[in-house]
Amino acid sequence: MADEVELGGAEAEELALRACLGAGANPQSARSLVDATLSAARCGPVAVGFPHLVDYLNSFRDGRINCDPAPVVTRPFPAFLASDADQGIAQLGFDLAFRDFVDAARTFGIALFSQKNSYTTGELGYYVRRLALEGLSGLAATNANAMVVAKAGGPAVFSTNPIAFAFPLGDGTPPLLIDQSSSATAYVNIAAAAAEGRSIPRGWAVDAEGADTEDAEEALIGALLPFGGRKGANVALLVEMLSAGLSGGSWSLDTPSFRTGDASPAVGLTVIAMIPGPAGSGYIARAHDQIRRLEELGVYVPGVSGRPPRPTEQPLRMSRAVFDAICRFAAT
């Protein structure tokens, strides 16, 4: 498409690194964020790849992210790692704890990583995808500032509060990976529609008066709706307790916006890693066979169906507007 830019992997990585450093991030933060961005661009929803990187770059510049954090990881229990991100990016704290986290899961069969005081997590599937590539099953939950109503006409009380789950399917096969918000859609989809002047489906959001809207701009000053009504709101509450409740991170009601102002969102993230069955159980091969059986029955399996066999070899694309925004930071 004429309004898209296509880059090779190495070229995109180098550009993103220069942009992070140009926005003020220290080298360690830049490396962690670029790794997560490339993973999202190759394997996750497009909106949480390079388009969301622009949110990070703006937040480095505006002070919503600590550019030179010193995350502290403690171990209050043998299989429980707790991180304080020092108002930096969530990915850095996770990186610092990752090897100990994986080792704990392999030792005890299950381990928990909990983090508070970070910027929003980016693609949540990234955290459990990394566990699946280590042969572990993972469950992750996070929150952000309140932008979702429990019911139409009510106040915004939850974030989109996503939850992600991954299960390894063996060497050479991408893992099953479910990554979805508890709202009818992710906030980044509303923001993208507004930026591009597109309407949104009815049932995604309400305007400032609480009325259902198809206008993305109105939705940005209104609120998102939970999926499935009350049941989706219950999932949002569950995620709130898993993320902010277990970590000590800010409740969504108390969290400042991740796109405006100069205050850190200081939100929570919880990731649970699990061994998929005892040694010799064959549970991964069994799951692999079940996924193939579902695909033969026409079931779309997230993370598996339609994914190119070698995503790292595919060119990376972004809109011209996103590319230009990243280049402005890279040139700083």
# chains A, B, ... in the order shown; residues from 1 in each chain; ligands from 1

$ closest_atom_pairs --of "stretch 93-122 of chain A" --to "stretch 233-243 of chain A" --cutoff "10 Å" --atoms "only C-alpha atoms" --output "Markdown table"
| residue | atom | partner | partner_atom | distance |
| --- | --- | --- | --- | --- |
| A:Ser114 | CA | A:Ser243 | CA | 7.6 |
| A:Gln115 | CA | A:Ser243 | CA | 8.2 |
| A:Lys116 | CA | A:Ser243 | CA | 8.5 |

$ select_by_dssp --residues "stretch 30-136 of chain A" --states "strand (DSSP E or B)" --output "MDAnalysis selection string"
chainID A and resid 72:77 80:84 110:118

$ atom_distance --atom1 "atom CA of A:Leu21" --atom2 "atom CA of A:Ala330"
7.5 Å

$ select_by_dssp --residues "stretch 25-91 of chain A" --states "helix (DSSP H, G or I)" --output "JSON, numbers by chain"
{"A": [27, 28, 29, 30, 31, 32, 33, 34, 35, 36, 37, 38, 39, 40, 41, 42, 43, 46, 47, 48, 50, 51, 52, 53, 54, 55, 56, 57, 58, 59, 60, 61, 62, 90, 91]}

$ residues_around --residues "A:Gln87" --least-positions-apart "4" --cutoff "10 Å" --atoms "only C-alpha atoms" --output "ChimeraX atom specification"
/A:63-71,116-120,263-267

$ residues_around --residues "A:Val304" --least-positions-apart "2" --cutoff "8 Å" --atoms "only C-alpha atoms" --output "number ranges by chain"
A: 173-177, 301-302, 306-307

$ write_last_selection --atoms "N, CA and C atoms" --output "tab-separated table (two decimals), in the first residue's frame"
chain	number	residue	atom	x	y	z
A	173	THR	N	6.66	-25.75	16.18
A	173	THR	CA	5.26	-25.35	16.13
A	173	THR	C	5.06	-24.12	17.02
A	174	PRO	N	4.47	-23.06	16.49
A	174	PRO	CA	4.23	-21.90	17.36
A	174	PRO	C	3.26	-22.27	18.47
A	175	PRO	N	3.38	-21.65	19.63
A	175	PRO	CA	2.50	-22.00	20.74
A	175	PRO	C	1.07	-21.49	20.54
A	176	LEU	N	0.14	-22.20	21.15
A	176	LEU	CA	-1.20	-21.64	21.31
A	176	LEU	C	-1.05	-20.37	22.13
A	177	LEU	N	-1.66	-19.26	21.68
A	177	LEU	CA	-1.52	-18.01	22.43
A	177	LEU	C	-2.82	-17.21	22.31
A	301	VAL	N	-7.30	-21.31	15.73
A	301	VAL	CA	-6.52	-21.44	16.96
A	301	VAL	C	-5.57	-20.24	17.06
A	302	PRO	N	-5.80	-19.33	18.00
A	302	PRO	CA	-4.94	-18.13	18.09
A	302	PRO	C	-3.49	-18.48	18.37
A	306	GLY	N	-2.89	-19.67	10.55
A	306	GLY	CA	-2.57	-18.57	9.66
A	306	GLY	C	-1.24	-17.90	9.92
A	307	ARG	N	-0.46	-18.41	10.85
A	307	ARG	CA	0.82	-17.79	11.14
A	307	ARG	C	1.88	-18.31	10.19

$ residues_around --residues "A:Ala208" --least-positions-apart "4" --cutoff "9 Å" --atoms "only C-alpha atoms" --output "PyMOL selection string"
chain A and resi 218-223

$ closest_residue --among "A:Ser183, A:Thr74, A:Gln314, A:Ser250" --to "A:Glu6" --atoms "only C-alpha atoms"
A:Gln314

$ decode --residues "stretch 268-284 of chain A" --atoms "all heavy atoms" --output "CSV table (one decimal), in the first residue's frame"
chain,number,residue,atom,x,y,z
A,268,GLY,N,0.1,-2.7,37.5
A,268,GLY,CA,0.5,-4.0,37.9
A,268,GLY,C,0.6,-5.0,36.8
A,268,GLY,O,-0.1,-4.8,35.8
A,269,LEU,N,1.4,-6.0,37.0
A,269,LEU,CA,1.5,-7.1,36.0
A,269,LEU,C,1.7,-8.4,36.8
A,269,LEU,O,2.6,-8.4,37.7
A,269,LEU,CB,2.7,-6.9,35.1
A,269,LEU,CG,3.1,-8.1,34.3
A,269,LEU,CD1,2.1,-8.5,33.2
A,269,LEU,CD2,4.5,-7.8,33.6
A,270,THR,N,1.0,-9.4,36.5
A,270,THR,CA,1.2,-10.7,37.2
A,270,THR,C,1.3,-11.8,36.1
A,270,THR,O,0.5,-11.8,35.1
A,270,THR,CB,0.1,-11.1,38.1
A,270,THR,OG1,0.2,-10.2,39.3
A,270,THR,CG2,0.2,-12.5,38.6
A,271,VAL,N,2.4,-12.6,36.1
A,271,VAL,CA,2.6,-13.7,35.2
A,271,VAL,C,2.8,-15.0,36.0
A,271,VAL,O,3.6,-15.0,36.9
A,271,VAL,CB,3.8,-13.4,34.3
A,271,VAL,CG1,3.9,-14.5,33.2
A,271,VAL,CG2,3.7,-12.0,33.6
A,272,ILE,N,2.1,-16.0,35.6
A,272,ILE,CA,2.2,-17.3,36.2
A,272,ILE,C,2.8,-18.3,35.2
A,272,ILE,O,2.3,-18.4,34.1
A,272,ILE,CB,0.8,-17.8,36.7
A,272,ILE,CG1,0.2,-16.9,37.7
A,272,ILE,CG2,1.0,-19.2,37.4
A,272,ILE,CD1,-1.2,-17.2,38.1
A,273,ALA,N,3.8,-19.0,35.6
A,273,ALA,CA,4.5,-20.0,34.7
A,273,ALA,C,4.2,-21.4,35.3
A,273,ALA,O,4.4,-21.6,36.5
A,273,ALA,CB,6.0,-19.7,34.6
A,274,MET,N,3.9,-22.3,34.4
A,274,MET,CA,3.5,-23.7,34.8
A,274,MET,C,4.2,-24.7,33.9
A,274,MET,O,4.2,-24.6,32.7
A,274,MET,CB,2.0,-23.9,34.8
A,274,MET,CG,1.2,-22.9,35.6
A,274,MET,SD,-0.5,-22.8,35.2
A,274,MET,CE,-0.5,-21.6,33.8
A,275,ILE,N,4.7,-25.8,34.6
A,275,ILE,CA,5.2,-26.9,33.8
A,275,ILE,C,4.0,-27.7,33.2
A,275,ILE,O,3.1,-28.0,34.0
A,275,ILE,CB,6.0,-27.9,34.7
A,275,ILE,CG1,7.3,-27.2,35.2
A,275,ILE,CG2,6.3,-29.2,34.0
A,275,ILE,CD1,8.4,-27.1,34.1
A,276,PRO,N,4.0,-27.9,31.9
A,276,PRO,CA,2.8,-28.6,31.3
A,276,PRO,C,2.9,-30.1,31.5
A,276,PRO,O,3.1,-30.8,30.5
A,276,PRO,CB,2.9,-28.2,29.8
A,276,PRO,CG,4.3,-27.9,29.6
A,276,PRO,CD,4.9,-27.4,30.9
A,277,GLY,N,2.8,-30.6,32.7
A,277,GLY,CA,2.8,-32.0,33.0
A,277,GLY,C,4.1,-32.5,33.5
A,277,GLY,O,5.1,-31.9,33.2
A,278,PRO,N,4.1,-33.6,34.2
A,278,PRO,CA,5.4,-34.1,34.7
A,278,PRO,C,6.2,-34.7,33.6
A,278,PRO,O,5.8,-34.9,32.5
A,278,PRO,CB,4.9,-35.2,35.7
A,278,PRO,CG,3.5,-35.6,35.2
A,278,PRO,CD,2.9,-34.3,34.6
A,279,ALA,N,7.5,-34.9,33.9
A,279,ALA,CA,8.5,-35.4,32.9
A,279,ALA,C,7.9,-36.7,32.4
A,279,ALA,O,7.5,-37.6,33.1
A,279,ALA,CB,9.8,-35.6,33.6
A,280,GLY,N,8.0,-36.9,31.1
A,280,GLY,CA,7.6,-38.1,30.4
A,280,GLY,C,6.1,-38.2,30.2
A,280,GLY,O,5.6,-39.2,29.7
A,281,SER,N,5.3,-37.2,30.6
A,281,SER,CA,3.8,-37.3,30.5
A,281,SER,C,3.4,-37.2,29.0
A,281,SER,O,2.3,-37.7,28.7
A,281,SER,CB,3.2,-36.1,31.3
A,281,SER,OG,3.5,-34.9,30.7
A,282,GLY,N,4.1,-36.5,28.2
A,282,GLY,CA,3.7,-36.4,26.8
A,282,GLY,C,2.6,-35.4,26.6
A,282,GLY,O,1.9,-35.4,25.6
A,283,TYR,N,2.4,-34.5,27.6
A,283,TYR,CA,1.2,-33.6,27.5
A,283,TYR,C,1.4,-32.6,26.4
A,283,TYR,O,0.4,-32.1,25.9
A,283,TYR,CB,1.0,-32.9,28.9
A,283,TYR,CG,0.4,-33.8,30.0
A,283,TYR,CD1,0.0,-35.1,29.7
A,283,TYR,CD2,0.2,-33.3,31.3
A,283,TYR,CE1,-0.6,-35.9,30.7
A,283,TYR,CE2,-0.4,-34.0,32.2
A,283,TYR,CZ,-0.8,-35.3,32.0
A,283,TYR,OH,-1.3,-36.1,32.9
A,284,ILE,N,2.6,-32.2,26.1
A,284,ILE,CA,2.8,-31.2,25.0
A,284,ILE,C,2.4,-31.8,23.7
A,284,ILE,O,1.7,-31.2,22.9
A,284,ILE,CB,4.2,-30.7,25.0
A,284,ILE,CG1,4.5,-29.8,26.2
A,284,ILE,CG2,4.5,-29.9,23.7
A,284,ILE,CD1,5.9,-29.2,26.4
